[in-house]
Amino acid sequence: MSHFQRIGLLSSLDIKEVKQSIQRLESFLCSQGREVIYEQQTAALVDWTVDTSLVLEQFLAAIDLVIVVGGDGSILSACRKIAASDVPLLGINLGRLGFLTDITPDEIETRVKPVLAGEFKQTERFMLTTSIFRNAEEIGSGTALNDVVLHPGMSVRMMEFELYVDGEFVYSQRSDGLIVATPTGSTAYALSAGGPLLFPELDAIVVVPLNPHTLSSRPIVLHGGAEIEIKVSSRHELQPLITCDGHDDFATEPGDTIRIQKHQHAISLIHPKDNNFYSVCRSKLGWGSRLGVKK
C-alpha cells in the first residue's frame with residue numbers, strides 16, 4: 001500500500017549540502033510518482049525552478065507528509081511552524097547528533113522508499129507552551145519541542161526565583177537558571193545540565209536546575225499535565241531571559257511570572273521501521289555496545 005502522495009519539502013538552511021540533498025530528494029520522490037510541493041521560503045533557497053511552492057498555511061493544507069532537510073535545529077524550527085497542523089514529519093539529517101532525524105542524505109533512496117510503502121514507525125511528541133505575565137498581563141508567549149529555559153542572558157550573576165507546580169510551592173532557588181524540558185528535549189540541553197534521559201513517548205516533564213547554589217537541588221520529573229510557574233524574584237536587578245528551543249528570547253523583569261504547560265497540539269514524527277531509541281543513544285552518546293559472547 002502506498003502512503004504519502006503529496007510530500008512537502010522544508011528547510012531553513014541556505015547551504016550547499018542542504019540544496020544537494022533537497023535536489024536528490026525531489027528527484028527520488030518524483031521517480032516514485034509522488035507530488036512534490038515546496039514551502040515558499042524553502043523554494044527561495046534552491047538554485048533551480050520548482051513546479052509548486054506555497055506559503056506556509058497553504059503548504060500545510062496541501063500535503064500529507066513534510067520532509068525536513070537539516071539537523072535537529074531545523075526539525076525544531078519546523079515543529080514550531082507546523083505545531084497547529086496534523087501533518088507528520090520525517091527528517092533528513094545533515095547535523096551532528098541527529099536525535100530527531102533518522103536518515104542521512106546517502107540513505108535517501110534506500111530508507112525513504114520503505115516509508116513511502118507504509119513501512120515506518122510513527123511517534124507522538126508533545127510540545128510546551130509558555131507565557132510571561134507582568135502585573136497580571138501577558139507580555140509574551142512561545143512554543144518549544146525541546147525545552148523552555150530561564151537564564152540570565154549575558155550576565156554572570158546568579159538569579160533568584162520560586163518554582164510552583166500545579167499551584168503548589170516547590171522551592172526558591174539561587175542559580176544560573178532553570179530548564180523545563182519534554183522527553184524529546186531530555187537528550188538536549190537538559191542532558192548537558194545533568195538531567196535524566198526520558199523515553200521519547202513518556203508523558204512527563206523534567207525540571208533541571210542550572211548550577212544551583214546548593215548541593216541538595218536535583219532534577220525533578222513531573223507528570224505531563226503539570227502546570228509549572230516560575231516567579232522571578234523582585235529582590236534583584238537582573239532581567240532574566242526565557243528561551244524556547246534556543247530561540248525567541250523574551251526579557252523578564254523582577255516580579256514577572258512564567259507559566260509553562262503542555263501545548264494543545266502534538267507533533268507526529270515518522271521514523272524508518274528499524275528506528276530504536278536505545279540504538280540511537282548508543283550511537284549518539286557513545287554508550288557501550290553489546291559484549292561479545294565467549295565460545
# chains A, B, ... in the order shown; residues from 1 in each chain; ligands from 1
$ residues_around --residues "segment 158-164 of chain A" --least-positions-apart "5" --cutoff "9 Å" --atoms "only C-alpha atoms" --output "PDB file with N, CA and C atoms, in the first residue's frame"
ATOM      1  N   HIS A 151      17.221  31.851  31.912  1.00  0.00           N
ATOM      2  CA  HIS A 151      18.664  32.038  32.062  1.00  0.00           C
ATOM      3  C   HIS A 151      18.984  33.525  32.165  1.00  0.00           C
ATOM      4  N   PRO A 152      20.179  33.862  32.654  1.00  0.00           N
ATOM      5  CA  PRO A 152      20.482  35.276  32.914  1.00  0.00           C
ATOM      6  C   PRO A 152      20.981  36.064  31.715  1.00  0.00           C
ATOM      7  N   PHE A 169       3.734  25.405  46.023  1.00  0.00           N
ATOM      8  CA  PHE A 169       5.103  25.903  46.125  1.00  0.00           C
ATOM      9  C   PHE A 169       6.079  24.723  46.209  1.00  0.00           C
ATOM     10  N   VAL A 170       7.126  24.728  45.372  1.00  0.00           N
ATOM     11  CA  VAL A 170       8.130  23.657  45.372  1.00  0.00           C
ATOM     12  C   VAL A 170       9.391  24.123  46.084  1.00  0.00           C
ATOM     13  N   TYR A 171      10.010  25.196  45.592  1.00  0.00           N
ATOM     14  CA  TYR A 171      11.201  25.733  46.256  1.00  0.00           C
ATOM     15  C   TYR A 171      11.530  27.120  45.718  1.00  0.00           C
ATOM     16  N   SER A 172      12.355  27.823  46.483  1.00  0.00           N
ATOM     17  CA  SER A 172      13.010  29.031  45.980  1.00  0.00           C
ATOM     18  C   SER A 172      14.452  28.641  45.709  1.00  0.00           C
ATOM     19  N   GLN A 173      15.067  29.313  44.744  1.00  0.00           N
ATOM     20  CA  GLN A 173      16.399  28.880  44.335  1.00  0.00           C
ATOM     21  C   GLN A 173      17.243  30.056  43.852  1.00  0.00           C
ATOM     22  N   ARG A 174      18.536  29.960  44.158  1.00  0.00           N
ATOM     23  CA  ARG A 174      19.530  30.846  43.561  1.00  0.00           C
ATOM     24  C   ARG A 174      20.375  29.968  42.643  1.00  0.00           C
ATOM     25  N   SER A 175      20.409  30.315  41.368  1.00  0.00           N
ATOM     26  CA  SER A 175      21.141  29.501  40.396  1.00  0.00           C
ATOM     27  C   SER A 175      21.341  30.305  39.120  1.00  0.00           C
ATOM     28  N   ASP A 176      21.902  29.624  38.108  1.00  0.00           N
ATOM     29  CA  ASP A 176      22.066  30.255  36.797  1.00  0.00           C
ATOM     30  C   ASP A 176      20.814  30.118  35.944  1.00  0.00           C
ATOM     31  N   GLY A 177      19.787  29.481  36.473  1.00  0.00           N
ATOM     32  CA  GLY A 177      18.552  29.356  35.714  1.00  0.00           C
ATOM     33  C   GLY A 177      17.892  28.013  35.884  1.00  0.00           C
ATOM     34  N   PRO A 212      22.777  25.167  40.478  1.00  0.00           N
ATOM     35  CA  PRO A 212      22.141  25.709  41.686  1.00  0.00           C
ATOM     36  C   PRO A 212      23.165  25.927  42.798  1.00  0.00           C
ATOM     37  N   HIS A 213      22.924  26.958  43.610  1.00  0.00           N
ATOM     38  CA  HIS A 213      23.839  27.288  44.698  1.00  0.00           C
ATOM     39  C   HIS A 213      23.477  26.483  45.941  1.00  0.00           C
ATOM     40  N   GLU A 227       1.220  21.938  35.495  1.00  0.00           N
ATOM     41  CA  GLU A 227       1.274  23.368  35.185  1.00  0.00           C
ATOM     42  C   GLU A 227       2.381  23.976  36.036  1.00  0.00           C
ATOM     43  N   ILE A 228       3.379  24.480  35.366  1.00  0.00           N
ATOM     44  CA  ILE A 228       4.595  24.962  36.032  1.00  0.00           C
ATOM     45  C   ILE A 228       4.583  26.489  36.027  1.00  0.00           C
ATOM     46  N   GLU A 229       4.952  27.046  37.155  1.00  0.00           N
ATOM     47  CA  GLU A 229       5.000  28.501  37.275  1.00  0.00           C
ATOM     48  C   GLU A 229       6.324  28.903  37.919  1.00  0.00           C
ATOM     49  N   ILE A 230       7.000  29.834  37.283  1.00  0.00           N
ATOM     50  CA  ILE A 230       8.263  30.365  37.804  1.00  0.00           C
ATOM     51  C   ILE A 230       8.053  31.849  38.094  1.00  0.00           C
ATOM     52  N   LYS A 231       8.352  32.237  39.312  1.00  0.00           N
ATOM     53  CA  LYS A 231       8.209  33.645  39.695  1.00  0.00           C
ATOM     54  C   LYS A 231       9.599  34.247  39.886  1.00  0.00           C
ATOM     55  N   VAL A 232       9.912  35.227  39.068  1.00  0.00           N
ATOM     56  CA  VAL A 232      11.214  35.888  39.127  1.00  0.00           C
ATOM     57  C   VAL A 232      11.252  36.782  40.364  1.00  0.00           C
ATOM     58  N   SER A 233      12.308  36.634  41.161  1.00  0.00           N
ATOM     59  CA  SER A 233      12.410  37.389  42.411  1.00  0.00           C
ATOM     60  C   SER A 233      12.415  38.892  42.142  1.00  0.00           C
ATOM     61  N   SER A 234      11.742  39.615  42.997  1.00  0.00           N
ATOM     62  CA  SER A 234      11.720  41.080  42.894  1.00  0.00           C
ATOM     63  C   SER A 234      12.860  41.710  43.683  1.00  0.00           C
ATOM     64  N   ARG A 235      13.756  40.845  44.222  1.00  0.00           N
ATOM     65  CA  ARG A 235      14.814  41.349  45.103  1.00  0.00           C
ATOM     66  C   ARG A 235      16.153  41.535  44.400  1.00  0.00           C
ATOM     67  N   HIS A 236      16.202  41.421  43.084  1.00  0.00           N
ATOM     68  CA  HIS A 236      17.463  41.657  42.380  1.00  0.00           C
ATOM     69  C   HIS A 236      17.207  42.462  41.105  1.00  0.00           C
ATOM     70  N   LEU A 238      18.522  41.824  38.009  1.00  0.00           N
ATOM     71  CA  LEU A 238      18.700  41.100  36.760  1.00  0.00           C
ATOM     72  C   LEU A 238      17.411  41.112  35.938  1.00  0.00           C
ATOM     73  N   GLN A 239      17.550  40.954  34.630  1.00  0.00           N
ATOM     74  CA  GLN A 239      16.411  40.796  33.732  1.00  0.00           C
ATOM     75  C   GLN A 239      16.589  39.470  32.988  1.00  0.00           C
ATOM     76  N   PRO A 240      16.260  38.361  33.635  1.00  0.00           N
ATOM     77  CA  PRO A 240      16.479  37.044  33.030  1.00  0.00           C
ATOM     78  C   PRO A 240      15.722  36.889  31.715  1.00  0.00           C
TER      79      PRO A 240
END
$ residues_around --residues "Lys121 of chain A" --least-positions-apart "6" --cutoff "12 Å" --atoms "only C-alpha atoms" --output "PyMOL selection string"
chain A and resi 88-90+102+114-115+268-277
$ closest_atom_pairs --of "segment 46-160 of chain A" --to "segment 33-38 of chain A" --cutoff "9 Å" --atoms "only C-alpha atoms" --output "tab-separated table"
residue	atom	partner	partner_atom	distance
A:Val50	CA	A:Tyr38	CA	7.5
A:Asp51	CA	A:Ile37	CA	7.6
A:Thr52	CA	A:Ile37	CA	5.2
A:Ser53	CA	A:Tyr38	CA	4.4
A:Leu54	CA	A:Tyr38	CA	6.5
A:Val55	CA	A:Tyr38	CA	8.8
A:Phe59	CA	A:Ile37	CA	7.4
A:Ala62	CA	A:Ile37	CA	8.1
A:Ile63	CA	A:Ile37	CA	7.5
$ select_by_dssp --residues "segment 5-242 of chain A" --states "strand (DSSP E or B)" --output "PyMOL selection string"
chain A and resi 6-10+35-39+53-54+65-70+89-93+103+120-134+137-144+147-151+159-165+168-175+177-181+204-210+220-223+228-232+241-242
$ closest_atom_pairs --of "segment 209-291 of chain A" --to "segment 71-87 of chain A" --cutoff "9 Å" --atoms "only C-alpha atoms" --output "Markdown table"
| residue | atom | partner | partner_atom | distance |
| --- | --- | --- | --- | --- |
| A:Asp245 | CA | A:Leu76 | CA | 7.1 |
| A:Gly246 | CA | A:Gly73 | CA | 9.0 |
| A:His263 | CA | A:Ala83 | CA | 8.9 |
| A:Gln264 | CA | A:Ala84 | CA | 8.5 |
| A:His265 | CA | A:Ala84 | CA | 6.0 |
| A:Ala266 | CA | A:Ala83 | CA | 6.8 |
| A:Ile267 | CA | A:Ala83 | CA | 6.5 |
| A:Ser268 | CA | A:Val87 | CA | 7.2 |
$ atom_distance --atom1 "atom CA of Asp248 of chain A" --atom2 "atom CA of Val149 of chain A"
10.8 Å
$ select_by_dssp --residues "segment 10-248 of chain A" --states "alpha helix (DSSP H)" --output "PyMOL selection string"
chain A and resi 16-31+40-43+56-62+72-82+108-116+189-192
$ write_last_selection --atoms "N, CA and C atoms" --output "short mmCIF file (atom, residue, chain, number, x, y, z; two decimals), in the first residue's frame"
data_model
loop_
_atom_site.label_atom_id
_atom_site.label_comp_id
_atom_site.auth_asym_id
_atom_site.auth_seq_id
_atom_site.Cartn_x
_atom_site.Cartn_y
_atom_site.Cartn_z
N LYS A 16 25.16 24.58 0.76
CA LYS A 16 25.31 23.70 -0.40
C LYS A 16 24.80 22.30 -0.13
N GLU A 17 25.17 21.72 1.03
CA GLU A 17 24.79 20.35 1.33
C GLU A 17 23.28 20.17 1.42
N VAL A 18 22.59 21.17 1.94
CA VAL A 18 21.14 21.10 2.03
C VAL A 18 20.52 21.14 0.64
N LYS A 19 21.00 22.03 -0.21
CA LYS A 19 20.47 22.13 -1.57
C LYS A 19 20.68 20.82 -2.33
N GLN A 20 21.86 20.22 -2.18
CA GLN A 20 22.14 18.96 -2.86
C GLN A 20 21.19 17.87 -2.37
N SER A 21 20.94 17.83 -1.09
CA SER A 21 20.05 16.81 -0.53
C SER A 21 18.61 17.02 -0.96
N ILE A 22 18.17 18.28 -1.01
CA ILE A 22 16.81 18.58 -1.45
C ILE A 22 16.63 18.17 -2.91
N GLN A 23 17.64 18.47 -3.74
CA GLN A 23 17.55 18.11 -5.16
C GLN A 23 17.50 16.58 -5.33
N ARG A 24 18.32 15.89 -4.57
CA ARG A 24 18.33 14.43 -4.62
C ARG A 24 16.99 13.87 -4.14
N LEU A 25 16.46 14.45 -3.09
CA LEU A 25 15.19 14.01 -2.53
C LEU A 25 14.05 14.26 -3.51
N GLU A 26 14.02 15.42 -4.12
CA GLU A 26 12.96 15.73 -5.09
C GLU A 26 13.01 14.75 -6.27
N SER A 27 14.20 14.50 -6.80
CA SER A 27 14.35 13.58 -7.92
C SER A 27 13.84 12.19 -7.57
N PHE A 28 14.18 11.73 -6.36
CA PHE A 28 13.75 10.39 -5.94
C PHE A 28 12.24 10.34 -5.77
N LEU A 29 11.66 11.34 -5.11
CA LEU A 29 10.22 11.34 -4.88
C LEU A 29 9.44 11.36 -6.19
N CYS A 30 9.92 12.14 -7.14
CA CYS A 30 9.26 12.19 -8.44
C CYS A 30 9.35 10.84 -9.15
N SER A 31 10.48 10.16 -8.99
CA SER A 31 10.65 8.84 -9.61
C SER A 31 9.69 7.82 -9.00
N GLN A 40 7.34 27.99 0.53
CA GLN A 40 7.79 29.13 -0.26
C GLN A 40 9.20 29.59 0.08
N GLN A 41 9.53 29.71 1.37
CA GLN A 41 10.86 30.16 1.75
C GLN A 41 11.92 29.12 1.42
N THR A 42 11.54 27.84 1.45
CA THR A 42 12.48 26.78 1.06
C THR A 42 12.75 26.86 -0.43
N ALA A 43 11.72 27.12 -1.22
CA ALA A 43 11.89 27.25 -2.68
C ALA A 43 12.85 28.38 -3.02
N LEU A 56 3.27 29.09 3.89
CA LEU A 56 3.22 28.04 4.89
C LEU A 56 1.81 27.49 5.14
N GLU A 57 0.84 28.35 5.34
CA GLU A 57 -0.52 27.88 5.65
C GLU A 57 -1.09 27.04 4.51
N GLN A 58 -0.92 27.49 3.26
CA GLN A 58 -1.40 26.74 2.12
C GLN A 58 -0.58 25.46 1.92
N PHE A 59 0.71 25.56 2.19
CA PHE A 59 1.63 24.43 2.08
C PHE A 59 1.17 23.28 2.99
N LEU A 60 0.88 23.58 4.24
CA LEU A 60 0.47 22.56 5.19
C LEU A 60 -0.88 21.94 4.84
N ALA A 61 -1.75 22.74 4.22
CA ALA A 61 -3.07 22.24 3.84
C ALA A 61 -3.01 21.34 2.61
N ALA A 62 -1.91 21.42 1.85
CA ALA A 62 -1.82 20.72 0.57
C ALA A 62 -1.05 19.41 0.64
N ASP A 72 18.92 18.76 13.85
CA ASP A 72 17.85 18.84 14.85
C ASP A 72 17.31 20.26 14.97
N GLY A 73 18.18 21.25 14.78
CA GLY A 73 17.71 22.64 14.84
C GLY A 73 16.67 22.93 13.78
N SER A 74 16.86 22.37 12.59
CA SER A 74 15.89 22.55 11.51
C SER A 74 14.57 21.86 11.85
N ILE A 75 14.66 20.68 12.48
CA ILE A 75 13.46 19.97 12.90
C ILE A 75 12.70 20.79 13.94
N LEU A 76 13.42 21.34 14.92
CA LEU A 76 12.78 22.14 15.96
C LEU A 76 12.07 23.35 15.36
N SER A 77 12.74 24.01 14.42
CA SER A 77 12.15 25.15 13.74
C SER A 77 10.89 24.74 12.99
N ALA A 78 10.97 23.61 12.28
CA ALA A 78 9.82 23.12 11.52
C ALA A 78 8.66 22.78 12.45
N CYS A 79 8.96 22.16 13.58
CA CYS A 79 7.89 21.78 14.52
C CYS A 79 7.15 23.00 15.05
N ARG A 80 7.88 24.06 15.32
CA ARG A 80 7.21 25.27 15.78
C ARG A 80 6.31 25.84 14.68
N LYS A 81 6.73 25.69 13.43
CA LYS A 81 5.93 26.21 12.32
C LYS A 81 4.67 25.39 12.08
N ILE A 82 4.75 24.07 12.27
CA ILE A 82 3.62 23.22 11.90
C ILE A 82 2.84 22.74 13.12
N ILE A 108 18.82 8.34 1.36
CA ILE A 108 17.51 8.83 0.92
C ILE A 108 16.75 7.76 0.15
N GLU A 109 17.36 7.19 -0.86
CA GLU A 109 16.64 6.21 -1.69
C GLU A 109 16.30 4.94 -0.93
N THR A 110 17.26 4.43 -0.16
CA THR A 110 17.06 3.13 0.49
C THR A 110 16.15 3.19 1.71
N ARG A 111 16.10 4.34 2.40
CA ARG A 111 15.34 4.40 3.65
C ARG A 111 14.03 5.19 3.52
N VAL A 112 13.94 6.07 2.53
CA VAL A 112 12.67 6.77 2.33
C VAL A 112 11.69 5.88 1.57
N LYS A 113 12.20 5.06 0.67
CA LYS A 113 11.32 4.20 -0.13
C LYS A 113 10.43 3.31 0.73
N PRO A 114 10.95 2.61 1.75
CA PRO A 114 10.06 1.81 2.61
C PRO A 114 9.01 2.65 3.32
N VAL A 115 9.37 3.88 3.70
CA VAL A 115 8.40 4.77 4.35
C VAL A 115 7.24 5.04 3.41
N LEU A 116 7.56 5.30 2.14
CA LEU A 116 6.51 5.56 1.16
C LEU A 116 5.61 4.34 0.95
N TYR A 189 19.75 20.15 25.93
CA TYR A 189 20.37 20.99 26.96
C TYR A 189 20.20 20.39 28.35
N ALA A 190 19.03 19.81 28.61
CA ALA A 190 18.77 19.22 29.92
C ALA A 190 19.76 18.11 30.25
N LEU A 191 20.14 17.34 29.25
CA LEU A 191 21.12 16.26 29.45
C LEU A 191 22.47 16.86 29.82
N SER A 192 22.87 17.92 29.14
CA SER A 192 24.14 18.57 29.43
C SER A 192 24.18 19.14 30.84
#
$ closest_residue --among "A:Gly153, A:Leu65, A:Glu124, A:Ile258" --to "Ile7 of chain A" --atoms "only C-alpha atoms"
A:Leu65
$ residues_around --residues "Leu94 of chain A" --least-positions-apart "2" --cutoff "7 Å" --atoms "only C-alpha atoms" --output "ChimeraX atom specification"
/A:70-71,92,96,104
$ write_last_selection --atoms "all heavy atoms" --output "PDB file, in the first residue's frame"
ATOM      1  N   GLY A  70      17.973  18.976   7.185  1.00  0.00           N
ATOM      2  CA  GLY A  70      18.822  19.776   8.066  1.00  0.00           C
ATOM      3  C   GLY A  70      19.201  18.967   9.291  1.00  0.00           C
ATOM      4  O   GLY A  70      19.179  17.740   9.265  1.00  0.00           O
ATOM      5  N   GLY A  71      19.518  19.650  10.364  1.00  0.00           N
ATOM      6  CA  GLY A  71      19.827  18.983  11.622  1.00  0.00           C
ATOM      7  C   GLY A  71      18.665  19.084  12.583  1.00  0.00           C
ATOM      8  O   GLY A  71      17.549  19.454  12.203  1.00  0.00           O
ATOM      9  N   ILE A  92      15.620  14.449   7.348  1.00  0.00           N
ATOM     10  CA  ILE A  92      16.872  14.053   6.693  1.00  0.00           C
ATOM     11  C   ILE A  92      17.990  14.781   7.429  1.00  0.00           C
ATOM     12  O   ILE A  92      18.022  16.010   7.477  1.00  0.00           O
ATOM     13  CB  ILE A  92      16.893  14.432   5.200  1.00  0.00           C
ATOM     14  CG1 ILE A  92      15.667  13.842   4.486  1.00  0.00           C
ATOM     15  CG2 ILE A  92      18.195  13.967   4.553  1.00  0.00           C
ATOM     16  CD1 ILE A  92      15.627  12.335   4.470  1.00  0.00           C
ATOM     17  N   ARG A  96      24.858  16.978  13.460  1.00  0.00           N
ATOM     18  CA  ARG A  96      25.822  16.125  14.154  1.00  0.00           C
ATOM     19  C   ARG A  96      25.123  15.034  14.960  1.00  0.00           C
ATOM     20  O   ARG A  96      25.229  13.864  14.645  1.00  0.00           O
ATOM     21  CB  ARG A  96      26.720  16.985  15.054  1.00  0.00           C
ATOM     22  CG  ARG A  96      27.691  17.860  14.269  1.00  0.00           C
ATOM     23  CD  ARG A  96      28.378  18.874  15.169  1.00  0.00           C
ATOM     24  NE  ARG A  96      27.431  19.861  15.687  1.00  0.00           N
ATOM     25  CZ  ARG A  96      27.764  20.824  16.541  1.00  0.00           C
ATOM     26  NH1 ARG A  96      29.001  20.931  16.989  1.00  0.00           N
ATOM     27  NH2 ARG A  96      26.865  21.691  16.956  1.00  0.00           N
ATOM     28  N   THR A 104      20.271   9.794   6.733  1.00  0.00           N
ATOM     29  CA  THR A 104      21.324  10.633   6.178  1.00  0.00           C
ATOM     30  C   THR A 104      21.064  10.846   4.681  1.00  0.00           C
ATOM     31  O   THR A 104      20.321  10.073   4.062  1.00  0.00           O
ATOM     32  CB  THR A 104      22.704   9.991   6.363  1.00  0.00           C
ATOM     33  OG1 THR A 104      22.779   8.803   5.567  1.00  0.00           O
ATOM     34  CG2 THR A 104      22.960   9.642   7.830  1.00  0.00           C
TER      35      THR A 104
END
$ atom_distance --atom1 "atom CA of Pro200 of chain A" --atom2 "atom CA of Phe126 of chain A"
9.4 Å
$ atom_distance --atom1 "atom CA of His247 of chain A" --atom2 "atom CA of His223 of chain A"
25.1 Å
